[in-house]
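Peer 1: My structure is stored as entry-v4.pdb, with PDB, C-alpha atoms, pLDDT in the B column.
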```pdb
ATOM      1  CA  MET A   1     -98.848 187.730  80.585  1.00 49.00           C
ATOM      2  CA  THR A   2    -100.729 190.850  79.550  1.00 54.00           C
ATOM      3  CA  SER A   3    -100.151 192.640  82.868  1.00 62.00           C
ATOM      4  CA  LYS A   4     -96.405 192.117  82.512  1.00 60.00           C
ATOM      5  CA  SER A   5     -96.570 193.433  78.961  1.00 63.00           C
ATOM      6  CA  ASN A   6     -98.582 196.467  80.088  1.00 62.00           C
ATOM      7  CA  ARG A   7     -96.162 197.148  82.937  1.00 62.00           C
ATOM      8  CA  LYS A   8     -93.216 197.070  80.541  1.00 60.00           C
ATOM      9  CA  LYS A   9     -95.064 199.390  78.169  1.00 60.00           C
ATOM     10  CA  LYS A  10     -95.733 201.882  80.981  1.00 60.00           C
ATOM     11  CA  TYR A  11     -92.062 201.940  81.973  1.00 58.00           C
ATOM     12  CA  MET A  12     -91.059 202.525  78.371  1.00 59.00           C
ATOM     13  CA  MET A  13     -93.456 205.475  78.125  1.00 60.00           C
ATOM     14  CA  LEU A  14     -92.121 206.918  81.376  1.00 57.00           C
ATOM     15  CA  ALA A  15     -88.528 206.564  80.189  1.00 55.00           C
ATOM     16  CA  GLU A  16     -89.375 208.234  76.905  1.00 59.00           C
ATOM     17  CA  MET A  17     -91.131 211.135  78.637  1.00 59.00           C
ATOM     18  CA  THR A  18     -88.327 211.767  81.116  1.00 58.00           C
ATOM     19  CA  GLY A  19     -85.726 211.317  78.408  1.00 60.00           C
ATOM     20  CA  ASN A  20     -87.171 214.168  76.376  1.00 71.00           C
ATOM     21  CA  VAL A  21     -87.454 216.657  79.238  1.00 75.00           C
ATOM     22  CA  HIS A  22     -83.922 217.894  78.565  1.00 75.00           C
ATOM     23  CA  ILE A  23     -84.964 219.083  75.092  1.00 80.00           C
ATOM     24  CA  GLY A  24     -87.718 221.255  76.518  1.00 81.00           C
ATOM     25  CA  LEU A  25     -85.422 222.624  79.193  1.00 82.00           C
ATOM     26  CA  ALA A  26     -82.695 223.416  76.658  1.00 82.00           C
ATOM     27  CA  PHE A  27     -85.037 225.339  74.390  1.00 88.00           C
ATOM     28  CA  ALA A  28     -86.782 227.049  77.306  1.00 89.00           C
ATOM     29  CA  GLY A  29     -83.403 228.248  78.555  1.00 89.00           C
ATOM     30  CA  ALA A  30     -82.481 229.429  75.070  1.00 90.00           C
ATOM     31  CA  SER A  31     -85.754 231.358  74.818  1.00 92.00           C
ATOM     32  CA  ILE A  32     -85.138 233.049  78.146  1.00 93.00           C
ATOM     33  CA  GLY A  33     -81.579 233.893  77.086  1.00 91.00           C
ATOM     34  CA  ASP A  34     -82.819 235.321  73.792  1.00 93.00           C
ATOM     35  CA  GLY A  35     -85.292 237.514  75.642  1.00 94.00           C
ATOM     36  CA  ILE A  36     -82.709 238.804  78.091  1.00 94.00           C
ATOM     37  CA  ALA A  37     -80.265 239.565  75.259  1.00 93.00           C
ATOM     38  CA  THR A  38     -82.962 241.347  73.266  1.00 94.00           C
ATOM     39  CA  VAL A  39     -83.923 243.526  76.221  1.00 95.00           C
ATOM     40  CA  GLY A  40     -80.279 244.404  76.797  1.00 94.00           C
ATOM     41  CA  VAL A  41     -79.741 245.411  73.176  1.00 95.00           C
ATOM     42  CA  LEU A  42     -82.939 247.471  73.087  1.00 95.00           C
ATOM     43  CA  ILE A  43     -81.933 249.334  76.234  1.00 96.00           C
ATOM     44  CA  ALA A  44     -78.450 249.965  74.843  1.00 95.00           C
ATOM     45  CA  LEU A  45     -79.881 251.183  71.517  1.00 94.00           C
ATOM     46  CA  ALA A  46     -82.248 253.537  73.322  1.00 95.00           C
ATOM     47  CA  ARG A  47     -79.331 255.047  75.238  1.00 96.00           C
ATOM     48  CA  ASN A  48     -76.900 255.272  72.326  1.00 94.00           C
ATOM     49  CA  PRO A  49     -78.378 254.815  68.834  1.00 93.00           C
ATOM     50  CA  GLY A  50     -74.994 255.484  67.212  1.00 94.00           C
ATOM     51  CA  MET A  51     -73.703 252.108  68.387  1.00 93.00           C
ATOM     52  CA  SER A  52     -76.369 250.163  66.515  1.00 92.00           C
ATOM     53  CA  GLY A  53     -73.964 248.512  64.050  1.00 92.00           C
ATOM     54  CA  ARG A  54     -71.614 247.132  66.690  1.00 93.00           C
ATOM     55  CA  LEU A  55     -74.427 246.216  69.072  1.00 93.00           C
ATOM     56  CA  LEU A  56     -76.411 244.300  66.483  1.00 93.00           C
ATOM     57  CA  THR A  57     -73.308 242.425  65.310  1.00 94.00           C
ATOM     58  CA  TRP A  58     -72.526 241.167  68.802  1.00 94.00           C
ATOM     59  CA  PHE A  59     -76.229 240.592  69.451  1.00 94.00           C
ATOM     60  CA  PHE A  60     -76.493 238.187  66.511  1.00 94.00           C
ATOM     61  CA  VAL A  61     -73.278 236.425  67.542  1.00 94.00           C
ATOM     62  CA  GLY A  62     -74.660 235.989  71.052  1.00 92.00           C
ATOM     63  CA  ILE A  63     -78.043 234.749  69.838  1.00 93.00           C
ATOM     64  CA  GLY A  64     -76.273 232.260  67.585  1.00 92.00           C
ATOM     65  CA  LEU A  65     -74.291 230.913  70.534  1.00 91.00           C
ATOM     66  CA  ILE A  66     -77.391 230.687  72.710  1.00 90.00           C
ATOM     67  CA  GLU A  67     -79.256 228.734  70.050  1.00 89.00           C
ATOM     68  CA  ALA A  68     -76.220 226.541  69.383  1.00 90.00           C
ATOM     69  CA  TRP A  69     -76.224 225.352  72.991  1.00 86.00           C
ATOM     70  CA  ALA A  70     -79.908 224.481  72.691  1.00 85.00           C
ATOM     71  CA  VAL A  71     -79.237 222.468  69.537  1.00 86.00           C
ATOM     72  CA  ILE A  72     -76.328 220.715  71.260  1.00 83.00           C
ATOM     73  CA  GLY A  73     -78.711 219.774  74.060  1.00 78.00           C
ATOM     74  CA  TRP A  74     -81.167 218.476  71.489  1.00 80.00           C
ATOM     75  CA  LEU A  75     -78.795 216.494  69.280  1.00 81.00           C
ATOM     76  CA  VAL A  76     -75.715 215.517  71.279  1.00 78.00           C
ATOM     77  CA  VAL A  77     -76.871 214.813  74.819  1.00 70.00           C
ATOM     78  CA  PRO A  78     -79.342 211.988  73.971  1.00 67.00           C
ATOM     79  CA  HIS A  79     -76.549 210.060  72.273  1.00 66.00           C
ATOM     80  CA  THR A  80     -74.087 210.353  75.166  1.00 64.00           C
ATOM     81  CA  GLY A  81     -76.301 208.629  77.726  1.00 59.00           C
ATOM     82  CA  LEU A  82     -76.205 211.514  80.226  1.00 55.00           C
TER      83      LEU A  82
END
```
Will you turn the file into structure tokens for me?

Peer 2:
Amino acid sequence: MTSKSNRKKKYMMLAEMTGNVHIGLAFAGASIGDGIATVGVLIALARNPGMSGRLLTWFFVGIGLIEAWAVIGWLVVPHTGL
């Protein structure tokens, strides 16, 4: 009886671990996207400092969208059964 209980417990742990991998991947992708966007804005600001207002506006919009997709992956996907 105990071996069957232990086996079921192990499968539950495995399902929980693999079920949460998507959260790590979503936030890792968002972090990479944030870094790439930041590098792009810094390069653009170094080339043309006069565009700082417009660049930073679109930078923050882009960062917001990147983070929104990570939050969607964190909150919505577990409830859809994908």

Peer 1: Take the PyMOL selection byres ((chain A and resi 33-49) around 10), run it mentally on this structure, and tell me the resulting residues as number ranges by chain.

Peer 2: A: 27-32, 50-53, 55-56, 58-60, 62-64, 66-67

Peer 1: For the atom pair CA of Ala26 in chain A and CA of Gly73 in chain A, what is the interatomic distance in Å to one decimal place?

Peer 2: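 Calculated distance between CA of Ala26 in chain A and CA of Gly73 in chain A is 6.0 Å.
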
Peer 1: Would you compute an axis-aligned box for range 53-66 of chain A, covering every atom listed for it in the file with 5 Å of margin on each side, and report centre and edge lengths in Å to one decimal as JSON?

Peer 2:
```
{"center_x": -74.8, "center_y": 239.6, "center_z": 68.4, "size_x": 16.4, "size_y": 27.8, "size_z": 18.7}
```
